[in-house]
>>> print(open('run_2.pdb').read())   # PDB, C-alpha atoms and all ligand atoms
ATOM      1  CA  MET Q 213     122.303  82.820  54.147
ATOM      2  CA  GLU Q 214     124.335  82.828  57.335
ATOM      3  CA  ASN Q 215     124.717  79.524  59.149
ATOM      4  CA  PRO Q 216     122.343  79.756  62.166
ATOM      5  CA  LEU Q 217     125.022  78.311  64.435
ATOM      6  CA  VAL Q 218     127.436  81.108  63.498
ATOM      7  CA  GLN Q 219     124.657  83.628  64.089
ATOM      8  CA  GLU Q 220     123.845  82.089  67.492
ATOM      9  CA  ARG Q 221     127.503  82.138  68.528
ATOM     10  CA  ARG Q 222     127.892  85.765  67.459
ATOM     11  CA  ASP Q 223     124.733  86.824  69.339
ATOM     12  CA  GLY Q 224     125.905  84.849  72.376
ATOM     13  CA  ASN Q 225     129.207  86.732  72.345
ATOM     14  CA  ASP Q 226     127.390  90.053  72.004
ATOM     15  CA  ILE Q 227     125.167  89.229  74.965
ATOM     16  CA  ARG Q 228     128.156  88.205  77.072
ATOM     17  CA  ARG Q 229     129.886  91.490  76.189
ATOM     18  CA  VAL Q 230     126.789  93.459  77.284
ATOM     19  CA  LEU Q 231     126.690  91.553  80.581
ATOM     20  CA  ASP Q 232     130.432  92.012  81.188
ATOM     21  CA  THR Q 233     130.097  95.760  80.663
ATOM     22  CA  HIS Q 234     126.907  95.936  82.693
ATOM     23  CA  TYR Q 235     127.839  94.064  85.864
ATOM     24  CA  VAL Q 236     131.454  95.218  86.125
ATOM     25  CA  ARG Q 237     130.241  98.828  85.834
ATOM     26  CA  LEU Q 238     127.139  98.393  88.031
ATOM     27  CA  ALA Q 239     128.761  96.551  90.957
ATOM     28  CA  ASN Q 240     129.533  99.764  92.894
ATOM     29  CA  ASP Q 241     125.989 101.120  92.520
ATOM     30  CA  TYR Q 242     124.048  97.856  92.570
ATOM     31  CA  ASP Q 243     122.767  98.019  96.161
ATOM     32  CA  ASN Q 244     122.253 101.757  95.952
ATOM     33  CA  PHE Q 245     120.002 101.314  92.898
ATOM     34  CA  LEU Q 246     118.293  97.994  93.611
ATOM     35  CA  TYR Q 247     117.886  97.632  97.368
ATOM     36  CA  TYR Q 248     114.989 100.164  97.300
ATOM     37  CA  SER Q 249     114.105  99.726 101.003
ATOM     38  CA  PRO Q 250     114.384  97.190 103.856
ATOM     39  CA  ARG Q 251     110.620  96.590 103.592
ATOM     40  CA  PHE Q 252     110.834  95.797  99.883
ATOM     41  CA  VAL Q 253     113.668  93.318 100.429
ATOM     42  CA  ARG Q 254     111.852  91.737 103.392
ATOM     43  CA  VAL Q 255     108.600  91.262 101.461
ATOM     44  CA  LEU Q 256     110.501  89.432  98.716
ATOM     45  CA  SER Q 257     112.814  87.453 100.995
ATOM     46  CA  SER Q 258     110.062  86.242 103.335
ATOM     47  CA  LYS Q 259     108.165  84.923 100.313
ATOM     48  CA  MET Q 260     111.389  83.194  99.194
ATOM     49  CA  ILE Q 261     111.699  81.487 102.587
ATOM     50  CA  GLU Q 262     108.095  80.327 102.370
ATOM     51  CA  GLN Q 263     108.363  79.090  98.768
ATOM     52  CA  LEU Q 264     111.710  77.380  99.382
ATOM     53  CA  ARG Q 265     110.249  75.737 102.545
ATOM     54  CA  LEU Q 266     113.599  76.765 104.010
ATOM     55  CA  ASN Q 267     114.744  75.363 107.351
ATOM     56  CA  GLU Q 268     117.957  75.590 109.392
ATOM     57  CA  ASP Q 269     119.286  72.232 108.215
ATOM     58  CA  ASP Q 270     119.149  73.140 104.523
ATOM     59  CA  THR Q 271     122.123  73.756 102.276
ATOM     60  CA  LEU Q 272     121.141  76.767 100.195
ATOM     61  CA  VAL Q 273     122.667  77.835  96.881
ATOM     62  CA  ASP Q 274     122.039  81.389  95.630
ATOM     63  CA  LEU Q 275     122.800  81.119  91.904
ATOM     64  CA  GLY Q 276     123.534  84.484  90.296
ATOM     65  CA  CYS Q 277     123.595  85.962  93.799
ATOM     66  CA  GLY Q 278     125.165  89.306  92.824
ATOM     67  CA  THR Q 279     125.857  91.239  96.041
ATOM     68  CA  CYS Q 280     123.719  88.732  98.020
ATOM     69  CA  ILE Q 281     121.038  91.260  99.057
ATOM     70  CA  TYR Q 282     118.492  88.446  99.395
ATOM     71  CA  SER Q 283     120.650  85.747 100.996
ATOM     72  CA  LEU Q 284     121.794  88.270 103.600
ATOM     73  CA  ASP Q 285     118.175  89.067 104.466
ATOM     74  CA  ILE Q 286     117.212  85.374 104.473
ATOM     75  CA  LEU Q 287     120.031  84.743 106.968
ATOM     76  CA  LYS Q 288     118.492  87.327 109.318
ATOM     77  CA  GLN Q 289     115.322  85.223 109.396
ATOM     78  CA  VAL Q 290     116.552  81.619 109.221
ATOM     79  CA  ALA Q 291     119.659  80.546 111.177
ATOM     80  CA  LEU Q 292     121.098  78.242 108.535
ATOM     81  CA  LYS Q 293     123.640  75.844 110.026
ATOM     82  CA  ARG Q 294     125.803  75.897 106.888
ATOM     83  CA  PRO Q 295     126.980  78.916 104.876
ATOM     84  CA  VAL Q 296     124.959  79.923 101.828
ATOM     85  CA  ILE Q 297     126.817  79.052  98.615
ATOM     86  CA  GLY Q 298     126.766  82.277  96.592
ATOM     87  CA  VAL Q 299     127.597  81.753  92.907
ATOM     88  CA  ASP Q 300     128.170  84.591  90.443
ATOM     89  CA  PRO Q 301     130.500  85.011  87.434
ATOM     90  CA  TYR Q 302     131.406  88.592  88.397
ATOM     91  CA  ALA Q 303     133.977  88.933  91.193
ATOM     92  CA  GLU Q 304     133.120  92.668  91.280
ATOM     93  CA  MET Q 305     129.582  91.820  92.459
ATOM     94  CA  LEU Q 306     130.705  89.175  94.966
ATOM     95  CA  ALA Q 307     133.294  91.598  96.380
ATOM     96  CA  LYS Q 308     130.378  93.600  97.848
ATOM     97  CA  VAL Q 309     129.321  90.696 100.102
ATOM     98  CA  PRO Q 310     130.561  91.452 103.658
ATOM     99  CA  ASP Q 311     133.609  89.313 104.509
ATOM    100  CA  ASP Q 312     132.113  88.170 107.804
ATOM    101  CA  ALA Q 313     128.771  87.017 106.302
ATOM    102  CA  PRO Q 314     128.094  83.266 106.435
ATOM    103  CA  ILE Q 315     128.250  83.113 102.656
ATOM    104  CA  ARG Q 316     130.737  81.079 100.627
ATOM    105  CA  PRO Q 317     131.332  83.058  97.424
ATOM    106  CA  ILE Q 318     132.139  81.132  94.246
ATOM    107  CA  VAL Q 319     133.122  83.071  91.137
ATOM    108  CA  MET Q 320     131.594  80.904  88.429
ATOM    109  CA  ASP Q 321     129.063  80.932  85.633
ATOM    110  CA  GLY Q 322     125.745  79.467  86.830
ATOM    111  CA  PHE Q 323     125.529  76.940  84.017
ATOM    112  CA  GLU Q 324     129.065  75.689  84.713
ATOM    113  CA  PHE Q 325     128.199  75.389  88.424
ATOM    114  CA  SER Q 326     125.124  73.296  87.578
ATOM    115  CA  LYS Q 327     127.390  70.705  85.910
ATOM    116  CA  GLU Q 328     129.692  70.328  88.928
ATOM    117  CA  GLU Q 329     129.190  67.525  91.429
ATOM    118  CA  GLY Q 330     127.303  68.384  94.637
ATOM    119  CA  ILE Q 331     123.916  67.836  96.271
ATOM    120  CA  TYR Q 332     121.910  70.723  97.764
ATOM    121  CA  ASP Q 333     118.531  71.109  99.465
ATOM    122  CA  LYS Q 334     117.439  74.467  98.089
ATOM    123  CA  ILE Q 335     118.500  76.617  95.137
ATOM    124  CA  LEU Q 336     117.443  80.242  94.652
ATOM    125  CA  ILE Q 337     117.742  82.021  91.286
ATOM    126  CA  LYS Q 338     116.551  85.605  91.513
ATOM    127  CA  GLU Q 339     116.456  87.820  88.411
ATOM    128  CA  THR Q 340     119.270  85.878  86.778
ATOM    129  CA  ILE Q 341     117.593  83.188  84.679
ATOM    130  CA  HIS Q 342     117.390  85.474  81.615
ATOM    131  CA  HIS Q 343     121.215  85.570  81.566
ATOM    132  CA  ILE Q 344     121.542  81.815  81.043
ATOM    133  CA  ALA Q 345     120.977  80.689  77.452
ATOM    134  CA  ASP Q 346     120.358  76.952  77.728
ATOM    135  CA  ARG Q 347     117.675  76.957  80.411
ATOM    136  CA  SER Q 348     116.352  73.464  79.640
ATOM    137  CA  LYS Q 349     119.803  71.989  80.197
ATOM    138  CA  LEU Q 350     120.355  74.155  83.282
ATOM    139  CA  PHE Q 351     117.102  72.888  84.857
ATOM    140  CA  ALA Q 352     117.989  69.262  84.050
ATOM    141  CA  ASN Q 353     121.423  69.757  85.670
ATOM    142  CA  LEU Q 354     119.912  71.429  88.746
ATOM    143  CA  HIS Q 355     117.313  68.660  89.101
ATOM    144  CA  ALA Q 356     120.254  66.279  89.478
ATOM    145  CA  ARG Q 357     121.907  68.593  92.049
ATOM    146  CA  LEU Q 358     118.864  68.624  94.372
ATOM    147  CA  ALA Q 359     118.207  66.144  97.157
ATOM    148  CA  PRO Q 360     114.764  64.441  97.042
ATOM    149  CA  GLY Q 361     112.219  66.970  98.340
ATOM    150  CA  GLY Q 362     114.574  69.793  97.308
ATOM    151  CA  VAL Q 363     113.303  73.031  95.777
ATOM    152  CA  LEU Q 364     114.611  75.252  92.988
ATOM    153  CA  LEU Q 365     112.982  78.694  93.239
ATOM    154  CA  LEU Q 366     112.995  81.147  90.340
ATOM    155  CA  VAL Q 367     112.104  84.714  91.251
ATOM    156  CA  HIS Q 368     111.598  86.435  87.975
ATOM    157  CA  VAL Q 369     110.554  89.764  86.444
ATOM    158  CA  PRO Q 370     108.474  88.978  83.332
ATOM    159  CA  PRO Q 371     108.958  90.667  79.930
ATOM    160  CA  ASP Q 372     106.021  93.064  80.306
ATOM    161  CA  VAL Q 373     107.418  95.338  83.036
ATOM    162  CA  GLN Q 374     105.239  98.115  84.467
ATOM    163  CA  TYR Q 375     108.146 100.486  85.158
ATOM    164  CA  PRO Q 376     107.984 104.210  84.299
ATOM    165  CA  LEU Q 377     110.575 103.720  81.537
ATOM    166  CA  PHE Q 378     110.680 105.105  77.991
ATOM    167  CA  GLN Q 379     109.070 103.133  75.144
ATOM    168  CA  LYS Q 380     112.250 101.730  73.621
ATOM    169  CA  ALA Q 381     113.363 100.346  76.989
ATOM    170  CA  LEU Q 382     109.949  98.776  77.631
ATOM    171  CA  GLU Q 383     110.158  97.127  74.205
ATOM    172  CA  ARG Q 384     113.685  95.867  74.892
ATOM    173  CA  CYS Q 385     112.528  94.264  78.171
ATOM    174  CA  ARG Q 386     109.955  92.279  76.171
ATOM    175  CA  SER Q 387     112.687  90.420  74.314
ATOM    176  CA  TRP Q 388     115.377  90.529  77.032
ATOM    177  CA  HIS Q 389     113.439  88.965  79.938
ATOM    178  CA  ALA Q 390     112.438  85.303  79.856
ATOM    179  CA  ASP Q 391     108.819  84.248  79.330
ATOM    180  CA  PRO Q 392     107.531  82.728  82.619
ATOM    181  CA  HIS Q 393     105.178  80.343  80.771
ATOM    182  CA  GLU Q 394     108.159  78.951  78.900
ATOM    183  CA  LEU Q 395     110.153  78.662  82.140
ATOM    184  CA  PHE Q 396     107.231  76.820  83.745
ATOM    185  CA  GLU Q 397     107.153  74.259  80.908
ATOM    186  CA  GLN Q 398     110.930  73.852  80.812
ATOM    187  CA  LEU Q 399     110.946  73.154  84.563
ATOM    188  CA  GLN Q 400     108.205  70.558  84.169
ATOM    189  CA  ARG Q 401     110.057  68.898  81.297
ATOM    190  CA  ALA Q 402     113.148  68.675  83.523
ATOM    191  CA  GLY Q 403     111.080  66.554  85.942
ATOM    192  CA  PHE Q 404     109.984  69.151  88.511
ATOM    193  CA  ARG Q 405     106.523  69.650  90.014
ATOM    194  CA  VAL Q 406     106.021  73.389  89.626
ATOM    195  CA  GLN Q 407     103.971  75.881  91.642
ATOM    196  CA  TRP Q 408     103.469  79.448  90.409
ATOM    197  CA  ASN Q 409     102.980  82.343  92.830
ATOM    198  CA  SER Q 410     103.680  86.043  92.561
ATOM    199  CA  VAL Q 411     104.357  89.214  94.536
ATOM    200  CA  ASP Q 412     103.301  92.721  93.505
ATOM    201  CA  PHE Q 413     105.209  95.416  95.342
ATOM    202  CA  PRO Q 414     104.060  99.048  94.996
ATOM    203  CA  HIS Q 415     107.039 101.404  94.777
ATOM    204  CA  ALA Q 416     106.814 105.162  95.342
ATOM    205  CA  ILE Q 417     110.170 106.809  94.691
ATOM    206  CA  PRO Q 418     111.331 110.349  93.918
ATOM    207  CA  LYS Q 419     111.501 110.967  90.184
ATOM    208  CA  GLU Q 420     115.080 112.294  90.402
ATOM    209  CA  ARG Q 421     116.244 109.072  92.034
ATOM    210  CA  TYR Q 422     114.608 106.902  89.377
ATOM    211  CA  PHE Q 423     116.025 109.028  86.559
ATOM    212  CA  LYS Q 424     119.525 108.565  88.047
ATOM    213  CA  MET Q 425     118.940 104.796  88.102
ATOM    214  CA  VAL Q 426     117.967 104.852  84.420
ATOM    215  CA  GLU Q 427     120.929 107.089  83.559
ATOM    216  CA  GLY Q 428     123.154 104.584  85.382
ATOM    217  CA  CYS Q 429     121.558 101.693  83.413
ATOM    218  CA  TYR Q 430     120.249  99.958  86.530
ATOM    219  CA  MET Q 431     118.766  97.162  84.404
ATOM    220  CA  SER Q 432     120.820  95.118  81.940
ATOM    221  CA  ALA Q 433     118.165  95.714  79.234
ATOM    222  CA  LEU Q 434     119.182  99.406  79.344
ATOM    223  CA  THR Q 435     122.839  98.522  78.760
ATOM    224  CA  THR Q 436     121.813  96.885  75.459
ATOM    225  CA  LEU Q 437     120.760 100.346  74.160
ATOM    226  CA  ASN Q 438     123.244 102.799  72.670
ATOM    227  CA  GLU Q 439     124.134 106.217  74.071
ATOM    228  CA  HIS Q 440     121.672 108.068  71.790
ATOM    229  CA  GLU Q 441     118.767 105.744  72.549
ATOM    230  CA  LEU Q 442     119.374 106.204  76.266
ATOM    231  CA  HIS Q 443     119.688 109.973  75.937
ATOM    232  CA  ASP Q 444     116.477 110.252  73.855
ATOM    233  CA  GLY Q 445     114.714 107.924  76.271
ATOM    234  CA  LEU Q 446     115.578 110.138  79.238
ATOM    235  CA  VAL Q 447     114.281 113.180  77.355
ATOM    236  CA  GLU Q 448     111.031 111.259  76.710
ATOM    237  CA  MET Q 449     110.722 110.389  80.420
ATOM    238  CA  LYS Q 450     111.431 113.959  81.549
ATOM    239  CA  LEU Q 451     108.646 115.223  79.311
ATOM    240  CA  LYS Q 452     106.191 112.518  80.277
ATOM    241  CA  TYR Q 453     106.713 113.004  84.031
ATOM    242  CA  LYS Q 454     107.311 116.768  84.055
ATOM    243  CA  ASP Q 455     104.460 117.376  86.531
ATOM    244  CA  VAL Q 456     105.207 114.391  88.764
ATOM    245  CA  GLU Q 457     107.594 114.350  91.736
ATOM    246  CA  ILE Q 458     107.044 110.820  93.029
ATOM    247  CA  LEU Q 459     106.867 107.892  90.620
ATOM    248  CA  GLU Q 460     104.491 105.150  91.660
ATOM    249  CA  PHE Q 461     104.617 101.770  89.978
ATOM    250  CA  ILE Q 462     104.155  98.075  90.597
ATOM    251  CA  ASP Q 463     107.112  95.703  90.664
ATOM    252  CA  HIS Q 464     105.782  92.277  89.724
ATOM    253  CA  PHE Q 465     107.740  89.122  90.514
ATOM    254  CA  ASP Q 466     106.803  85.600  89.516
ATOM    255  CA  TYR Q 467     107.819  82.925  91.985
ATOM    256  CA  LEU Q 468     108.198  79.567  90.254
ATOM    257  CA  ALA Q 469     108.838  76.908  92.892
ATOM    258  CA  ALA Q 470     110.128  73.729  91.244
ATOM    259  CA  ILE Q 471     109.969  70.765  93.595
ATOM    260  CA  ARG Q 472     111.995  67.613  93.135
ATOM    261  CA  ASP Q 473     109.687  64.879  94.509
TER     262      ASP Q 473
HETATM  263  C1  LIG Q 501     119.827  91.340  88.238
HETATM  264  S1  LIG Q 501     121.214  90.657  89.018
HETATM  265  C2  LIG Q 501     120.445  89.788  90.373
HETATM  266  C3  LIG Q 501     121.386  89.592  91.532
HETATM  267  C4  LIG Q 501     120.729  89.004  92.776
HETATM  268  N1  LIG Q 501     120.181  87.707  92.532
HETATM  269  C5  LIG Q 501     119.657  89.961  93.264
HETATM  270  O1  LIG Q 501     118.475  89.685  93.066
HETATM  271  O2  LIG Q 501     120.014  91.001  93.834
HETATM  272  C6  LIG Q 501     121.684  89.348  87.943
HETATM  273  C7  LIG Q 501     122.912  88.599  88.441
HETATM  274  O3  LIG Q 501     123.183  87.513  87.525
HETATM  275  C8  LIG Q 501     124.567  87.377  87.410
HETATM  276  N2  LIG Q 501     124.864  86.612  86.188
HETATM  277  C9  LIG Q 501     125.049  87.057  84.922
HETATM  278  N3  LIG Q 501     125.304  86.029  84.095
HETATM  279  C10 LIG Q 501     125.256  84.902  84.852
HETATM  280  C11 LIG Q 501     125.473  83.521  84.592
HETATM  281  N4  LIG Q 501     125.751  83.071  83.376
HETATM  282  N5  LIG Q 501     125.395  82.655  85.636
HETATM  283  C12 LIG Q 501     125.102  83.087  86.884
HETATM  284  N6  LIG Q 501     124.896  84.382  87.187
HETATM  285  C13 LIG Q 501     124.973  85.282  86.184
HETATM  286  C14 LIG Q 501     125.066  88.810  87.411
HETATM  287  O4  LIG Q 501     126.419  88.916  87.721
HETATM  288  C15 LIG Q 501     124.172  89.435  88.481
HETATM  289  O5  LIG Q 501     124.748  89.369  89.742
END
>>> encode(input="run_2.pdb", output="structure tokens", more="lines below")
Ligand SMILES: C[S@@+](CC[C@H](N)C(=O)[O-])C[C@H]1O[C@@H](n2cnc3c(N)ncnc32)[C@H](O)[C@@H]1O
Amino acid sequence: MENPLVQERRDGNDIRRVLDTHYVRLANDYDNFLYYSPRFVRVLSSKMIEQLRLNEDDTLVDLGCGTCIYSLDILKQVALKRPVIGVDPYAEMLAKVPDDAPIRPIVMDGFEFSKEEGIYDKILIKETIHHIADRSKLFANLHARLAPGGVLLLVHVPPDVQYPLFQKALERCRSWHADPHELFEQLQRAGFRVQWNSVDFPHAIPKERYFKMVEGCYMSALTTLNEHELHDGLVEMKLKYKDVEILEFIDHFDYLAAIRD
């Protein structure tokens, strides 16, 4: 039988390869695919501000910030006195952040960042936690990075997504996304007081646009599938939605606010 450590290392490498392929390729289309609309971003970002109890004096870290869609919208609503610290391992994603934005980009893995010295008031992790393997250790590190009264906010899409995807992709999301109950417990074990809220946003988007997003592997779970699985999946979707022009679905986000008392 294979040594479980060897197995874990091999799987870890495979996952990293998927993410490298995914984010380097997606960077150019990321905002085009995932911004959806100013209203969508505002609904999510205003809830972030509320859950982070964000005020102008705070130092905010956006861990796994990508192109900083959410920090940029937060900055339109709260005049932070210090630049947002935007951390992401992919320079291709950070390159999309406007040069004149009050955001300090740091090209670094989120787990590595959590080990570095520094004290912050608020940390946002949106749709990134499933890319970090040792979450218990990450939360313990981030607990030590927060000032007393500080907040770590996870905004997270759970495994059971309600997207109009094909079956294989829906199944893959179930193992690819992190379980929010597990995250809740891991945060508590790291010493946080945790509050759980959620946002349900109803999307209505043209079918052709959504199909293009799927074809372009807009979610990393899709990049884990091979060419044939993706092709067959698109055929399945075309058949299923042949009489529909606008796809309507709910985007559910858990907001886990972890407070350092
Ligand atoms: C789904 S995107 C979310 C981006 C952004 N937070 C947003 O909501 O638009 C996931 C982000 O996690 C980043 N990422 C992947 N692995 C990471 C890691 N180990 N540490 C920190 N960020 C990571 C990716 O580069 C990508 O920008």
>>> resolve_selection(input="run_2.pdb", expression="the PyMOL selection byres (((not hetatm)) within 7 of (chain Q and resi 501))", output="PyMOL selection string")
chain Q and resi 231+235+275-282+299-302+305+321-323+337-340+343-344
>>> residues_around(input="run_2.pdb", residues="region 350-367 of chain Q", least_positions_apart="4", cutoff="9 Å", atoms="all atoms listed in the file", output="NGL selection string")
:Q and (256 or 260 or 263-265 or 322-324 or 326-341 or 344-346 or 398-399 or 401-404 or 410 or 465-473)
>>> atom_distance(input="run_2.pdb", atom1="CA of Pro370 (chain Q)", atom2="CA of Arg386 (chain Q)")
8.0 Å
>>> residues_around(input="run_2.pdb", residues="Gly445 (chain Q)", least_positions_apart="4", cutoff="7 Å", atoms="only C-alpha atoms", output="PyMOL selection string")
chain Q and resi 378+441+449
>>> atom_distance(input="run_2.pdb", atom1="CA of Ala307 (chain Q)", atom2="CA of Phe245 (chain Q)")
16.8 Å
>>> atom_distance(input="run_2.pdb", atom1="CA of Asp270 (chain Q)", atom2="CA of Arg254 (chain Q)")
20.0 Å
>>> closest_residue(input="run_2.pdb", among="Q:Asn409, Q:Lys308, Q:Phe396, Q:Ile315", to="Glu262 (chain Q)", atoms="all atoms listed in the file")
Q:Asn409
>>> axis_aligned_box(input="run_2.pdb", around="region 328-340 of chain Q", padding_each_side="6 Å", output="lines of an AutoDock Vina configuration file")
center_x = 123.1
center_y = 77.7
center_z = 93.1
size_x = 25.2
size_y = 32.3
size_z = 24.7
>>> closest_residue(input="run_2.pdb", among="Q:Val236, Q:Val373, Q:Val456, Q:Val290", to="Asp412 (chain Q)", atoms="all atoms listed in the file")
Q:Val373
>>> residues_near_point(input="run_2.pdb", point="(122.8, 101.1, 94.6)", cutoff="12 Å", atoms="all atoms listed in the file", output="list in words")
Arg237, Leu238, Ala239, Asn240, Asp241, Tyr242, Asp243, Asn244, Phe245, Leu246, Tyr247, Tyr248, Ser249, Thr279, Ile281, Met305, Lys308, Arg421, Tyr422, Lys424, Met425, Val426, Gly428, Cys429, Tyr430 and Met431 of chain Q
>>> closest_residue(input="run_2.pdb", among="Q:Pro392, Q:Pro376, Q:Pro317, Q:Pro250", to="Leu459 (chain Q)", atoms="all atoms listed in the file")
Q:Pro376
>>> resolve_selection(input="run_2.pdb", expression="the PyMOL selection byres (((chain Q and resi 296) around 9) and not hetatm)", output="PyMOL selection string")
chain Q and resi 271-274+283+287+292+294-295+297-298+314-317
>>> closest_residue(input="run_2.pdb", among="Q:Ala433, Q:Asp232, Q:Tyr375, Q:Asp285", to="Arg251 (chain Q)", atoms="only C-alpha atoms")
Q:Asp285
>>> resolve_selection(input="run_2.pdb", expression="the PyMOL selection byres (((chain Q and resi 414) around 6) and not hetatm)", output="number ranges by chain")
Q: 413, 415, 461-462
>>> write_last_selection(input="run_2.pdb", atoms="C-alpha atoms", output="CSV table (one decimal), in the coordinates of the input")
chain,number,residue,atom,x,y,z
Q,413,PHE,CA,105.2,95.4,95.3
Q,415,HIS,CA,107.0,101.4,94.8
Q,461,PHE,CA,104.6,101.8,90.0
Q,462,ILE,CA,104.2,98.1,90.6
>>> closest_residue(input="run_2.pdb", among="Q:His393, Q:Glu460, Q:Lys419, Q:Lys380", to="His440 (chain Q)", atoms="all atoms listed in the file")
Q:Lys380
>>> decode(input="run_2.pdb", residues="region 235-257 of chain Q", atoms="N, CA and C atoms", output="JSON list (two decimals), in the first residue's frame")
[["chain", "number", "residue", "atom", "x", "y", "z"],
["Q", 235, "TYR", "N", -5.55, 29.74, -12.89],
["Q", 235, "TYR", "CA", -5.51, 31.19, -12.64],
["Q", 235, "TYR", "C", -4.63, 31.94, -13.64],
["Q", 236, "VAL", "N", -3.59, 31.29, -14.15],
["Q", 236, "VAL", "CA", -2.77, 31.98, -15.16],
["Q", 236, "VAL", "C", -3.62, 32.17, -16.42],
["Q", 237, "ARG", "N", -4.40, 31.13, -16.76],
["Q", 237, "ARG", "CA", -5.23, 31.19, -17.97],
["Q", 237, "ARG", "C", -6.44, 32.13, -17.78],
["Q", 238, "LEU", "N", -7.01, 32.11, -16.56],
["Q", 238, "LEU", "CA", -8.27, 32.85, -16.33],
["Q", 238, "LEU", "C", -8.08, 34.35, -16.10],
["Q", 239, "ALA", "N", -6.85, 34.75, -15.73],
["Q", 239, "ALA", "CA", -6.64, 36.15, -15.31],
["Q", 239, "ALA", "C", -7.26, 37.17, -16.28],
["Q", 240, "ASN", "N", -7.07, 36.96, -17.58],
["Q", 240, "ASN", "CA", -7.58, 37.93, -18.57],
["Q", 240, "ASN", "C", -9.10, 38.01, -18.58],
["Q", 241, "ASP", "N", -9.77, 36.88, -18.29],
["Q", 241, "ASP", "CA", -11.23, 36.84, -18.37],
["Q", 241, "ASP", "C", -11.91, 36.92, -17.02],
["Q", 242, "TYR", "N", -11.12, 36.97, -15.94],
["Q", 242, "TYR", "CA", -11.69, 36.82, -14.60],
["Q", 242, "TYR", "C", -12.83, 37.82, -14.34],
["Q", 243, "ASP", "N", -12.56, 39.10, -14.55],
["Q", 243, "ASP", "CA", -13.59, 40.11, -14.25],
["Q", 243, "ASP", "C", -14.78, 39.98, -15.21],
["Q", 244, "ASN", "N", -14.46, 39.69, -16.45],
["Q", 244, "ASN", "CA", -15.49, 39.51, -17.46],
["Q", 244, "ASN", "C", -16.46, 38.39, -17.05],
["Q", 245, "PHE", "N", -15.93, 37.30, -16.53],
["Q", 245, "PHE", "CA", -16.76, 36.16, -16.14],
["Q", 245, "PHE", "C", -17.41, 36.37, -14.76],
["Q", 246, "LEU", "N", -16.65, 36.93, -13.81],
["Q", 246, "LEU", "CA", -17.12, 36.83, -12.41],
["Q", 246, "LEU", "C", -17.61, 38.12, -11.77],
["Q", 247, "TYR", "N", -17.54, 39.23, -12.50],
["Q", 247, "TYR", "CA", -18.05, 40.48, -11.93],
["Q", 247, "TYR", "C", -19.59, 40.47, -11.94],
["Q", 248, "TYR", "N", -20.19, 39.81, -12.88],
["Q", 248, "TYR", "CA", -21.65, 39.71, -13.08],
["Q", 248, "TYR", "C", -22.29, 41.08, -13.27],
["Q", 249, "SER", "N", -22.35, 41.90, -12.21],
["Q", 249, "SER", "CA", -22.97, 43.23, -12.33],
["Q", 249, "SER", "C", -22.57, 44.07, -11.13],
["Q", 250, "PRO", "N", -22.62, 45.43, -11.28],
["Q", 250, "PRO", "CA", -22.26, 46.28, -10.14],
["Q", 250, "PRO", "C", -23.16, 46.00, -8.92],
["Q", 251, "ARG", "N", -24.43, 45.68, -9.19],
["Q", 251, "ARG", "CA", -25.35, 45.42, -8.07],
["Q", 251, "ARG", "C", -24.95, 44.16, -7.29],
["Q", 252, "PHE", "N", -24.58, 43.12, -8.05],
["Q", 252, "PHE", "CA", -24.14, 41.88, -7.41],
["Q", 252, "PHE", "C", -22.92, 42.15, -6.50],
["Q", 253, "VAL", "N", -21.94, 42.84, -7.07],
["Q", 253, "VAL", "CA", -20.72, 43.10, -6.29],
["Q", 253, "VAL", "C", -21.05, 43.96, -5.07],
["Q", 254, "ARG", "N", -21.95, 44.93, -5.24],
["Q", 254, "ARG", "CA", -22.29, 45.83, -4.12],
["Q", 254, "ARG", "C", -23.03, 45.09, -3.01],
["Q", 255, "VAL", "N", -23.93, 44.18, -3.40],
["Q", 255, "VAL", "CA", -24.65, 43.41, -2.37],
["Q", 255, "VAL", "C", -23.65, 42.63, -1.52],
["Q", 256, "LEU", "N", -22.69, 41.98, -2.19],
["Q", 256, "LEU", "CA", -21.70, 41.19, -1.45],
["Q", 256, "LEU", "C", -20.75, 42.07, -0.64],
["Q", 257, "SER", "N", -20.29, 43.17, -1.27],
["Q", 257, "SER", "CA", -19.27, 43.98, -0.58],
["Q", 257, "SER", "C", -19.87, 44.75, 0.59]]
